[in-house]
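Visitor: So here's query-v8.cif (mmCIF, C-alpha atoms).
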data_structure
#
loop_
_atom_site.label_atom_id
_atom_site.label_comp_id
_atom_site.auth_asym_id
_atom_site.auth_seq_id
_atom_site.Cartn_x
_atom_site.Cartn_y
_atom_site.Cartn_z
CA MET A 212 -17.67 12.43 -29.63
CA THR A 213 -21.12 11.39 -28.52
CA GLN A 214 -22.32 11.83 -24.97
CA HIS A 215 -21.81 8.24 -23.86
CA GLU A 216 -18.19 8.32 -24.91
CA GLN A 217 -17.42 11.14 -22.49
CA PRO A 218 -17.31 9.42 -19.16
CA ASN A 219 -17.64 11.55 -16.08
CA LEU A 220 -16.80 10.33 -12.63
CA ASN A 221 -18.87 11.42 -9.64
CA LEU A 222 -18.06 9.92 -6.29
CA PRO A 223 -19.51 11.31 -3.06
CA SER A 224 -17.11 11.67 -0.16
CA THR A 225 -17.06 9.06 2.60
CA GLN A 226 -15.46 8.98 6.01
CA PHE A 227 -12.37 7.47 4.40
CA SER A 228 -12.30 8.95 0.93
CA PRO A 229 -12.64 12.35 -0.76
CA SER A 230 -15.38 13.36 -3.16
CA VAL A 231 -14.31 13.09 -6.79
CA GLU A 232 -15.72 14.95 -9.78
CA ALA A 233 -14.12 14.23 -13.11
CA ASP A 234 -15.72 16.31 -15.85
CA TRP A 235 -14.60 15.24 -19.32
CA GLN A 236 -16.27 18.14 -21.14
CA ALA A 237 -14.70 20.74 -18.86
CA GLY A 238 -11.34 18.93 -18.68
CA ARG A 239 -11.39 19.10 -14.94
CA LEU A 240 -10.71 16.69 -12.09
CA LEU A 241 -11.70 17.82 -8.61
CA MET A 242 -11.02 15.99 -5.35
CA ILE A 243 -12.15 17.28 -1.94
CA GLY A 244 -11.71 15.74 1.50
CA GLU A 245 -9.51 13.29 3.35
CA SER A 246 -8.15 10.07 1.96
CA TYR A 247 -7.29 6.97 3.99
CA PRO A 248 -9.34 4.15 2.51
CA GLU A 249 -8.27 0.66 3.47
CA ASN A 250 -8.18 -0.51 -0.11
CA THR A 251 -6.48 2.49 -1.63
CA TYR A 252 -5.79 0.80 -4.94
CA GLU A 253 -9.46 0.05 -5.58
CA PHE A 254 -10.49 3.62 -4.84
CA PHE A 255 -7.80 5.32 -6.90
CA ALA A 256 -7.85 2.87 -9.83
CA GLN A 257 -10.96 4.50 -11.28
CA ILE A 258 -9.48 8.01 -10.98
CA ILE A 259 -6.17 6.93 -12.51
CA GLU A 260 -8.03 5.19 -15.31
CA TRP A 261 -10.13 8.30 -16.06
CA THR A 262 -7.04 10.52 -16.09
CA GLU A 263 -5.15 8.13 -18.35
CA LYS A 264 -8.08 8.01 -20.77
CA PHE A 265 -8.50 11.77 -20.88
CA LEU A 266 -4.80 12.42 -21.44
CA GLY A 267 -4.64 9.68 -24.06
CA GLN A 268 -7.64 10.88 -26.07
CA GLU A 269 -7.63 14.65 -25.65
CA GLY A 270 -5.09 17.34 -26.37
CA ARG A 271 -7.05 19.90 -24.34
CA LEU A 272 -6.10 21.22 -20.93
CA LEU A 273 -6.66 18.92 -17.98
CA HIS A 274 -6.92 20.94 -14.80
CA VAL A 275 -6.70 19.04 -11.53
CA GLU A 276 -7.99 20.82 -8.44
CA LEU A 277 -7.15 19.22 -5.11
CA ARG A 278 -8.48 20.23 -1.71
CA LEU A 279 -7.11 17.36 0.31
CA SER A 280 -6.59 17.92 4.01
CA TYR A 281 -5.11 14.51 4.86
CA LEU A 282 -3.70 11.60 2.85
CA ASN A 283 -2.38 8.38 4.33
CA THR A 284 0.83 7.05 2.80
CA SER A 285 -0.88 4.67 0.40
CA SER A 286 -3.05 7.53 -0.88
CA ILE A 287 0.10 9.62 -1.31
CA ARG A 288 1.49 6.81 -3.47
CA ALA A 289 -1.67 6.75 -5.56
CA MET A 290 -1.54 10.55 -6.04
CA ILE A 291 2.04 10.13 -7.29
CA ASP A 292 0.67 7.80 -9.97
CA ILE A 293 -1.75 10.54 -11.07
CA PHE A 294 0.95 13.24 -11.01
CA ASP A 295 3.28 10.97 -13.00
CA LEU A 296 0.60 10.70 -15.71
CA LEU A 297 0.29 14.50 -15.77
CA GLN A 298 4.07 14.88 -16.04
CA GLU A 299 4.22 12.40 -18.89
CA ALA A 300 1.47 14.28 -20.75
CA SER A 301 3.15 17.59 -20.07
CA ASP A 302 6.48 16.22 -21.37
CA SER A 303 4.76 15.27 -24.61
CA GLY A 304 3.43 18.80 -24.99
CA LYS A 305 -0.08 18.45 -23.58
CA PRO A 306 -1.37 21.22 -21.30
CA VAL A 307 -1.98 20.15 -17.70
CA SER A 308 -2.17 22.07 -14.44
CA VAL A 309 -2.72 21.40 -10.76
CA SER A 310 -4.17 23.65 -8.07
CA TRP A 311 -3.51 22.47 -4.54
CA LEU A 312 -5.78 24.37 -2.18
CA TYR A 313 -5.43 24.09 1.57
CA ASP A 314 -7.14 25.44 4.65
CA SER A 315 -4.80 28.04 6.14
CA ARG A 316 -5.42 26.53 9.61
CA ASN A 317 -3.89 23.24 8.46
CA PRO A 318 -0.17 23.81 7.74
CA ARG A 319 0.39 20.08 7.18
CA ALA A 320 -1.82 20.18 4.10
CA SER A 321 0.29 22.97 2.62
CA GLU A 322 3.54 21.04 3.34
CA LEU A 323 2.06 17.97 1.68
CA GLY A 324 1.34 20.01 -1.45
CA GLU A 325 4.86 21.43 -1.45
CA GLU A 326 6.39 17.97 -1.24
CA PHE A 327 4.38 16.80 -4.23
CA LYS A 328 5.16 19.92 -6.21
CA GLU A 329 8.94 19.67 -5.88
CA ASP A 330 9.05 16.50 -7.99
CA TYR A 331 7.25 17.92 -11.04
CA THR A 332 7.75 20.60 -13.66
CA PHE A 333 4.18 21.22 -14.90
CA PRO A 334 2.22 24.23 -13.53
CA PHE A 335 1.46 23.40 -9.89
CA GLU A 336 -0.19 26.17 -7.90
CA ILE A 337 -0.43 26.02 -4.10
CA ALA A 338 -2.79 28.44 -2.42
CA ALA A 339 -4.55 28.89 0.90
CA LEU A 340 -8.31 28.72 0.89
CA ARG A 341 -9.85 31.51 2.89
CA SER A 342 -11.26 30.13 6.08
CA MET B 262 -17.00 -2.61 46.70
CA THR B 263 -17.23 -5.55 44.33
CA VAL B 264 -14.06 -6.85 42.71
CA PHE B 265 -15.23 -5.44 39.38
CA SER B 266 -15.83 -1.90 40.55
CA SER B 267 -12.57 -1.82 42.48
CA ASN B 268 -10.73 -3.03 39.35
CA LEU B 269 -12.48 -0.39 37.31
CA SER B 270 -11.55 2.19 39.86
CA SER B 271 -7.86 1.27 39.71
CA LEU B 272 -8.07 1.25 35.91
CA ARG B 273 -9.49 4.76 36.08
CA GLU B 274 -6.68 5.87 38.37
CA PHE B 275 -4.17 4.42 35.93
CA PHE B 276 -5.79 6.21 32.98
CA ASN B 277 -5.78 9.49 34.86
CA LYS B 278 -2.22 9.14 36.03
CA GLU B 279 -1.00 8.30 32.53
CA ARG B 280 -3.20 11.05 31.03
CA ILE B 281 -4.70 8.61 28.56
CA LEU B 282 -7.11 10.26 26.13
CA ILE B 283 -8.27 7.25 24.18
CA CYS B 284 -7.36 3.61 24.33
CA PHE B 285 -8.51 0.43 22.73
CA ASN B 286 -7.75 -3.26 23.10
CA GLY B 287 -9.27 -5.89 20.82
CA PRO B 288 -9.91 -6.81 17.19
CA ILE B 289 -9.85 -3.53 15.27
CA SER B 290 -12.16 -2.93 12.30
CA ARG B 291 -11.91 -0.40 9.52
CA THR B 292 -14.88 1.53 10.94
CA LEU B 293 -13.46 1.52 14.44
CA ILE B 294 -10.13 2.90 13.19
CA GLY B 295 -12.04 5.74 11.56
CA GLU B 296 -14.29 6.50 14.52
CA ILE B 297 -11.45 6.55 17.04
CA GLY B 298 -9.43 8.71 14.65
CA ILE B 299 -12.18 11.30 14.31
CA ALA B 300 -12.81 11.42 18.05
CA LEU B 301 -9.10 11.87 18.63
CA LYS B 302 -8.70 14.64 16.06
CA ASP B 303 -11.76 16.52 17.34
CA HIS B 304 -10.55 16.29 20.91
CA ILE B 305 -7.05 17.58 20.18
CA GLU B 306 -8.33 20.32 17.87
CA SER B 307 -10.66 21.53 20.62
CA THR B 308 -7.93 21.67 23.26
CA GLN B 309 -4.88 22.69 21.22
CA SER B 310 -4.06 25.93 19.50
CA ARG B 311 -1.51 24.08 17.36
CA GLU B 312 -3.66 22.42 14.68
CA SER B 313 -0.68 20.58 13.24
CA ALA B 314 -0.50 18.55 16.49
CA ALA B 315 -3.98 17.15 15.84
CA MET B 316 -3.10 16.28 12.24
CA ASP B 317 0.19 14.64 13.27
CA VAL B 318 -1.39 12.54 16.03
CA PHE B 319 -4.18 11.56 13.64
CA GLY B 320 -1.74 10.71 10.83
CA VAL B 321 0.53 8.61 13.03
CA TYR B 322 -2.44 6.85 14.59
CA ILE B 323 -3.92 6.02 11.15
CA GLU B 324 -0.62 4.66 9.77
CA MET B 325 -0.04 2.54 12.87
CA SER B 326 -3.52 1.05 13.05
CA GLN B 327 -3.74 0.45 9.28
CA ASN B 328 -0.34 -1.28 9.41
CA ILE B 329 -1.71 -3.59 12.09
CA ARG B 330 -4.86 -4.31 10.05
CA HIS B 331 -2.88 -4.97 6.88
CA TYR B 332 -0.45 -7.26 8.66
CA ALA B 333 -3.20 -9.28 10.35
CA ASN B 334 -5.03 -9.60 7.00
CA ALA B 335 -1.87 -10.61 5.15
CA MET B 336 -1.13 -13.27 7.76
CA ALA B 337 -4.78 -14.42 7.79
CA TYR B 338 -4.83 -14.07 11.59
CA GLY B 339 -7.99 -14.84 13.53
CA ASP B 340 -9.64 -12.31 15.87
CA LYS B 341 -7.45 -13.13 18.84
CA GLU B 342 -4.12 -12.70 17.05
CA ALA B 343 -5.44 -9.75 15.05
CA SER B 344 -6.10 -7.76 18.22
CA ALA B 345 -4.52 -4.37 18.49
CA THR B 346 -3.67 -2.41 21.61
CA VAL B 347 -3.78 1.31 20.96
CA VAL B 348 -3.18 4.04 23.53
CA ILE B 349 -3.08 7.79 22.96
CA ALA B 350 -1.93 9.85 25.90
CA GLU B 351 -1.00 13.43 26.56
CA VAL B 352 2.58 13.96 27.67
CA ASP B 353 4.15 17.23 28.75
CA GLN B 354 3.86 20.59 27.00
CA GLY B 355 1.18 19.83 24.44
CA HIS B 356 2.92 16.70 23.24
CA TYR B 357 1.18 13.42 22.67
CA ALA B 358 2.27 9.79 22.81
CA VAL B 359 0.73 7.42 20.28
CA SER B 360 1.40 3.78 21.15
CA ALA B 361 0.23 0.68 19.38
CA GLY B 362 1.03 -3.00 19.66
CA ASN B 363 0.06 -6.29 18.04
CA MET B 364 1.14 -9.91 17.79
CA VAL B 365 3.61 -10.60 14.99
CA GLU B 366 5.73 -13.52 13.81
CA LEU B 367 9.00 -13.37 15.75
CA ALA B 368 11.12 -13.01 12.59
CA ASP B 369 8.92 -10.16 11.29
CA GLY B 370 9.10 -8.46 14.68
CA GLU B 371 12.89 -8.63 14.68
CA ALA B 372 13.08 -7.24 11.15
CA LEU B 373 10.76 -4.39 12.20
CA LEU B 374 12.89 -3.60 15.24
CA ASN B 375 16.01 -3.41 13.09
CA ARG B 376 14.27 -1.12 10.66
CA ILE B 377 13.02 1.14 13.43
CA ARG B 378 16.47 1.27 15.06
CA HIS B 379 17.86 2.35 11.71
CA LEU B 380 15.16 5.03 11.24
CA ALA B 381 15.89 6.31 14.75
CA THR B 382 19.45 7.18 13.67
CA LEU B 383 18.31 9.40 10.77
CA ASP B 384 17.65 13.13 10.98
CA LYS B 385 14.67 14.84 9.33
CA VAL B 386 16.52 15.55 6.08
CA GLU B 387 17.69 11.94 5.76
CA LEU B 388 14.19 10.71 6.58
CA LYS B 389 12.76 12.88 3.83
CA GLN B 390 15.28 11.49 1.32
CA LEU B 391 14.42 7.94 2.30
CA TYR B 392 10.71 8.76 2.12
CA LYS B 393 11.06 10.09 -1.42
CA GLN B 394 13.06 7.01 -2.45
CA GLN B 395 10.51 4.66 -0.93
CA LEU B 396 7.65 6.47 -2.69
CA ARG B 397 9.19 5.36 -5.98
CA GLN B 398 9.72 1.73 -4.93
CA PRO B 399 7.36 -0.90 -6.36
CA LYS B 400 4.33 -1.28 -4.09
CA GLN B 401 4.98 -5.02 -3.59
CA ASP B 402 7.98 -4.30 -1.39
CA ASP B 403 5.67 -2.94 1.26
CA GLN B 404 2.97 -5.52 1.22
CA ILE B 405 4.22 -8.12 3.66
CA THR B 406 4.87 -5.94 6.66
CA GLY B 407 2.83 -3.02 5.35
CA ALA B 408 5.39 -0.98 7.18
CA GLY B 409 7.70 0.55 4.61
CA LEU B 410 6.56 4.02 3.69
CA GLY B 411 4.20 4.24 6.67
CA LEU B 412 7.01 3.76 9.18
CA ILE B 413 9.13 6.45 7.55
CA GLU B 414 6.17 8.83 7.63
CA ILE B 415 5.67 8.03 11.33
CA ALA B 416 9.36 8.72 12.00
CA ARG B 417 9.10 12.05 10.16
CA LYS B 418 6.21 13.20 12.34
CA SER B 419 7.82 12.06 15.57
CA SER B 420 9.56 14.68 17.69
CA GLN B 421 11.78 12.02 19.29
CA PRO B 422 13.42 8.85 17.96
CA LEU B 423 10.91 5.99 17.66
CA GLU B 424 10.79 3.54 20.56
CA ALA B 425 9.89 -0.06 19.83
CA SER B 426 10.10 -3.36 21.62
CA LEU B 427 9.25 -7.04 21.33
CA GLY B 428 7.91 -8.91 24.32
CA GLU B 429 5.93 -11.98 25.37
CA THR B 430 7.28 -14.52 22.90
CA LEU B 431 4.85 -17.39 22.49
CA GLN B 432 4.85 -20.16 19.87
CA GLY B 433 6.94 -18.23 17.39
CA LYS B 434 4.97 -15.02 17.89
CA ALA B 435 5.78 -11.93 19.90
CA PHE B 436 3.99 -8.77 20.99
CA PHE B 437 5.43 -5.87 19.03
CA SER B 438 4.91 -2.35 20.33
CA LEU B 439 5.79 1.07 18.99
CA ARG B 440 5.62 4.40 20.81
CA VAL B 441 5.78 7.73 19.02
CA ILE B 442 5.96 11.15 20.65
CA ILE B 443 4.32 14.00 18.71
#
For this file, produce the structure as structure tokens.
Guide:
Amino acid sequence: MTQHEQPNLNLPSTQFSPSVEADWQAGRLLMIGESYPENTYEFFAQIIEWTEKFLGQEGRLLHVELRLSYLNTSSIRAMIDIFDLLQEASDSGKPVSVSWLYDSRNPRASELGEEFKEDYTFPFEIAALRS
Amino acid sequence: MTVFSSNLSSLREFFNKERILICFNGPISRTLIGEIGIALKDHIESTQSRESAAMDVFGVYIEMSQNIRHYANAMAYGDKEASATVVIAEVDQGHYAVSAGNMVELADGEALLNRIRHLATLDKVELKQLYKQQLRQPKQDDQITGAGLGLIEIARKSSQPLEASLGETLQGKAFFSLRVII
């Protein structure tokens, strides 16, 4: 594949949305921050699209690293769409993994990760970030 | 004392008596929701050892005010009808009350009240089940009231059953208010 066919996604964080780094070459999607944008669909559509494309075109590992301290309910819905894509890929034999990292001072972030994890069977690690 | 300063003084007394931390009355913008939210979270984090309290108050406040914004947008309300009244107060023993109200169509308000009364009968396990079910529902189901999944999430964070009421009916609209204790 030539360079221009390997789309990366780089979004800086805002008050309402996390930073996003999607690195095609490395097979890695990283999201850091809080998420409660007003138009959740618009924000997440690009991340969902990238994930779909990667999983559709590559057989390599996609590792998703999430350091999300707060998600509003519509962001939670959008994350479910991403996790569903990962599950689908995993079911068809593609390697995927998620690391959910939370600040140990924020127990709600750890509970949020646990509630996501219980609906999926692919590798889903939950760990406290040292603070 | 002028009428204004004496009114302000009684307003201040009321705020102090009710232990109101932050309140707002008027058309609420996306930016304002965010700014109030950050101020609220910072304040509670600085005064509370229990960090989850700050996150819960913040989360409930965000869901409530975004529900109001979404509803007003969906109904194409003007500034006056799109006004929100939001009050966050400290209640006893490190607990907080998050209250918010807005004008709604009477029929929508009644449907909301019924839904909230139903949620108030569910325990935490039942609320979680309902939450997981609702997560898998098509998004369209939520769009009119904007209050499907958000309301369940609010009920899950609340330490007491949700309290809601409808008042001031005028030309087919009523003032809906919801109070949540964290």
Visitor: Within 9 Å of chain B, which residues belong to chain A? Use all atoms listed in the file and report them as a VMD selection string.
Guide: chain A and resid 226 to 227 247 to 249 281 to 285 287 to 288 291 316 to 319
Visitor: If you keep C-alpha atoms, can you produce a file of those selected residues as a PDB file, keeping the file's coordinate frame?
Guide:
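The file below, selection_7.pdb, is the result:
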ATOM      1  CA  GLN A 226     -15.460   8.980   6.010  1.00  0.00           C
ATOM      2  CA  PHE A 227     -12.370   7.470   4.400  1.00  0.00           C
ATOM      3  CA  TYR A 247      -7.290   6.970   3.990  1.00  0.00           C
ATOM      4  CA  PRO A 248      -9.340   4.150   2.510  1.00  0.00           C
ATOM      5  CA  GLU A 249      -8.270   0.660   3.470  1.00  0.00           C
ATOM      6  CA  TYR A 281      -5.110  14.510   4.860  1.00  0.00           C
ATOM      7  CA  LEU A 282      -3.700  11.600   2.850  1.00  0.00           C
ATOM      8  CA  ASN A 283      -2.380   8.380   4.330  1.00  0.00           C
ATOM      9  CA  THR A 284       0.830   7.050   2.800  1.00  0.00           C
ATOM     10  CA  SER A 285      -0.880   4.670   0.400  1.00  0.00           C
ATOM     11  CA  ILE A 287       0.100   9.620  -1.310  1.00  0.00           C
ATOM     12  CA  ARG A 288       1.490   6.810  -3.470  1.00  0.00           C
ATOM     13  CA  ILE A 291       2.040  10.130  -7.290  1.00  0.00           C
ATOM     14  CA  ARG A 316      -5.420  26.530   9.610  1.00  0.00           C
ATOM     15  CA  ASN A 317      -3.890  23.240   8.460  1.00  0.00           C
ATOM     16  CA  PRO A 318      -0.170  23.810   7.740  1.00  0.00           C
ATOM     17  CA  ARG A 319       0.390  20.080   7.180  1.00  0.00           C
TER      18      ARG A 319
END
Visitor: Here's the selection I'm unsure about, the PyMOL selection byres ((chain A and resi 333) around 8); applied to the file above, which residues does it give, as a list in words?
Guide: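 On the file shown, the PyMOL selection byres ((chain A and resi 333) around 8) covers Leu297, Gln298, Ser301, Val307, Ser308, Tyr331, Thr332, Pro334 and Phe335 of chain A.
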Visitor: Put those residues in a file: C-alpha atoms, as an mmCIF file, in the coordinates of the input.
Guide:
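Wrote it out as result.cif, contents follow:
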data_model
loop_
_atom_site.group_PDB
_atom_site.id
_atom_site.type_symbol
_atom_site.label_atom_id
_atom_site.label_comp_id
_atom_site.auth_asym_id
_atom_site.auth_seq_id
_atom_site.Cartn_x
_atom_site.Cartn_y
_atom_site.Cartn_z
ATOM 1 C CA LEU A 297 0.290 14.500 -15.770
ATOM 2 C CA GLN A 298 4.070 14.880 -16.040
ATOM 3 C CA SER A 301 3.150 17.590 -20.070
ATOM 4 C CA VAL A 307 -1.980 20.150 -17.700
ATOM 5 C CA SER A 308 -2.170 22.070 -14.440
ATOM 6 C CA TYR A 331 7.250 17.920 -11.040
ATOM 7 C CA THR A 332 7.750 20.600 -13.660
ATOM 8 C CA PRO A 334 2.220 24.230 -13.530
ATOM 9 C CA PHE A 335 1.460 23.400 -9.890
#
Visitor: With distances taken over all atoms listed in the file, which of A:Ala256, A:Leu323, A:Leu273, A:Ala237 is nearest to Trp311 in chain A?
Guide: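 Smallest distance to Trp311 in chain A is found for A:Leu323.
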Visitor: So, counting only C-alpha atoms, which residue among B:Pro422, B:Pro288, B:Gly433, B:Pro399 is closest to Asp340 in chain B?
Guide: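 The closest residue to Asp340 in chain B is B:Pro288.
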Visitor: Rounded to one decimal in Å, what is the spacing between CA of Met290 in chain A and CA of Gly244 in chain A?
Guide: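 Straight-line distance from CA of Met290 in chain A to CA of Gly244 in chain A works out to 13.7 Å.
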Visitor: With a distance cut-off of 9 Å and only C-alpha atoms, select the neighbouring residues of Arg341 in chain A, excluding the residue or stretch itself and same-chain residues fewer than 3 positions from it, and output the selection as number ranges by chain.
Guide: A: 313-315
Visitor: Store the residues of this selection in a file with C-alpha atoms, as a PDB file, in the coordinates of the input.
Guide:
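Result written to out_34.pdb:
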ATOM      1  CA  TYR A 313      -5.430  24.090   1.570  1.00  0.00           C
ATOM      2  CA  ASP A 314      -7.140  25.440   4.650  1.00  0.00           C
ATOM      3  CA  SER A 315      -4.800  28.040   6.140  1.00  0.00           C
TER       4      SER A 315
END
Visitor: If you apply the PyMOL selection byres ((chain B and resi 287) around 8) to this file, what residues do you get, as an MDAnalysis selection string?
Guide: chainID B and resid 285:286 288:289 341 343:346
Visitor: In Å, with one decimal, what is the gap from CA of Gly370 in chain B to CA of Glu429 in chain B?
Guide: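 We find that CA of Gly370 in chain B and CA of Glu429 in chain B lie 11.7 Å from each other.
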Visitor: Leaving out Val365 in chain B and any residue of its chain fewer than 6 positions from it, which residues lie within 7 Å of it when counting only C-alpha atoms, given as JSON, numbers by chain?
Guide: {"B": [434, 435, 436, 437]}
Visitor: Rounded to one decimal place, report the CA of Arg239 in chain A-CA of Glu253 in chain A distance in Å.
Guide: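 CA of Glu253 in chain A lies 21.3 Å from CA of Arg239 in chain A.
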Visitor: Pick from B:Ala350, B:Ile294, B:Ala333, B:Leu431: nearest to Leu367 in chain B, with all atoms listed in the file counted?
Guide: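 Comparing B:Ala350, B:Ile294, B:Ala333, B:Leu431 against Leu367 in chain B, the winner is B:Leu431.
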Visitor: Which residue out of A:Leu266, A:Leu340, A:Leu241, A:Ala320 has the minimum interatomic distance to Ser303 in chain A when only C-alpha atoms are used?
Guide: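 Going through A:Leu266, A:Leu340, A:Leu241, A:Ala320 one by one, the smallest distance to Ser303 in chain A is for A:Leu266.
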Visitor: Care to translate the PyMOL selection byres ((chain A and resi 259-263) around 12) into actual residues of this file, as a PyMOL selection string?
Guide: chain A and resi 216-221+231-235+238-241+251-258+264-269+272-275+288-300+307
Visitor: For the selection you just gave me, I'd like the residues written to a file as an mmCIF file, keeping the file's coordinate frame, keeping C-alpha atoms.
Guide:
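So the final result, stored in selection_20.cif, reads:
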data_model
loop_
_atom_site.group_PDB
_atom_site.id
_atom_site.type_symbol
_atom_site.label_atom_id
_atom_site.label_comp_id
_atom_site.auth_asym_id
_atom_site.auth_seq_id
_atom_site.Cartn_x
_atom_site.Cartn_y
_atom_site.Cartn_z
ATOM 1 C CA GLU A 216 -18.190 8.320 -24.910
ATOM 2 C CA GLN A 217 -17.420 11.140 -22.490
ATOM 3 C CA PRO A 218 -17.310 9.420 -19.160
ATOM 4 C CA ASN A 219 -17.640 11.550 -16.080
ATOM 5 C CA LEU A 220 -16.800 10.330 -12.630
ATOM 6 C CA ASN A 221 -18.870 11.420 -9.640
ATOM 7 C CA VAL A 231 -14.310 13.090 -6.790
ATOM 8 C CA GLU A 232 -15.720 14.950 -9.780
ATOM 9 C CA ALA A 233 -14.120 14.230 -13.110
ATOM 10 C CA ASP A 234 -15.720 16.310 -15.850
ATOM 11 C CA TRP A 235 -14.600 15.240 -19.320
ATOM 12 C CA GLY A 238 -11.340 18.930 -18.680
ATOM 13 C CA ARG A 239 -11.390 19.100 -14.940
ATOM 14 C CA LEU A 240 -10.710 16.690 -12.090
ATOM 15 C CA LEU A 241 -11.700 17.820 -8.610
ATOM 16 C CA THR A 251 -6.480 2.490 -1.630
ATOM 17 C CA TYR A 252 -5.790 0.800 -4.940
ATOM 18 C CA GLU A 253 -9.460 0.050 -5.580
ATOM 19 C CA PHE A 254 -10.490 3.620 -4.840
ATOM 20 C CA PHE A 255 -7.800 5.320 -6.900
ATOM 21 C CA ALA A 256 -7.850 2.870 -9.830
ATOM 22 C CA GLN A 257 -10.960 4.500 -11.280
ATOM 23 C CA ILE A 258 -9.480 8.010 -10.980
ATOM 24 C CA LYS A 264 -8.080 8.010 -20.770
ATOM 25 C CA PHE A 265 -8.500 11.770 -20.880
ATOM 26 C CA LEU A 266 -4.800 12.420 -21.440
ATOM 27 C CA GLY A 267 -4.640 9.680 -24.060
ATOM 28 C CA GLN A 268 -7.640 10.880 -26.070
ATOM 29 C CA GLU A 269 -7.630 14.650 -25.650
ATOM 30 C CA LEU A 272 -6.100 21.220 -20.930
ATOM 31 C CA LEU A 273 -6.660 18.920 -17.980
ATOM 32 C CA HIS A 274 -6.920 20.940 -14.800
ATOM 33 C CA VAL A 275 -6.700 19.040 -11.530
ATOM 34 C CA ARG A 288 1.490 6.810 -3.470
ATOM 35 C CA ALA A 289 -1.670 6.750 -5.560
ATOM 36 C CA MET A 290 -1.540 10.550 -6.040
ATOM 37 C CA ILE A 291 2.040 10.130 -7.290
ATOM 38 C CA ASP A 292 0.670 7.800 -9.970
ATOM 39 C CA ILE A 293 -1.750 10.540 -11.070
ATOM 40 C CA PHE A 294 0.950 13.240 -11.010
ATOM 41 C CA ASP A 295 3.280 10.970 -13.000
ATOM 42 C CA LEU A 296 0.600 10.700 -15.710
ATOM 43 C CA LEU A 297 0.290 14.500 -15.770
ATOM 44 C CA GLN A 298 4.070 14.880 -16.040
ATOM 45 C CA GLU A 299 4.220 12.400 -18.890
ATOM 46 C CA ALA A 300 1.470 14.280 -20.750
ATOM 47 C CA VAL A 307 -1.980 20.150 -17.700
#
Visitor: Set up a box along x, y and z of the file covering all listed atoms of range 306-317 of chain A, add 3 Å on every one of the six sides, and write the centre and edge lengths in Å to one decimal, as lines of an AutoDock Vina configuration file.
Guide:
center_x = -4.3
center_y = 24.1
center_z = -5.8
size_x = 11.8
size_y = 13.9
size_z = 36.9
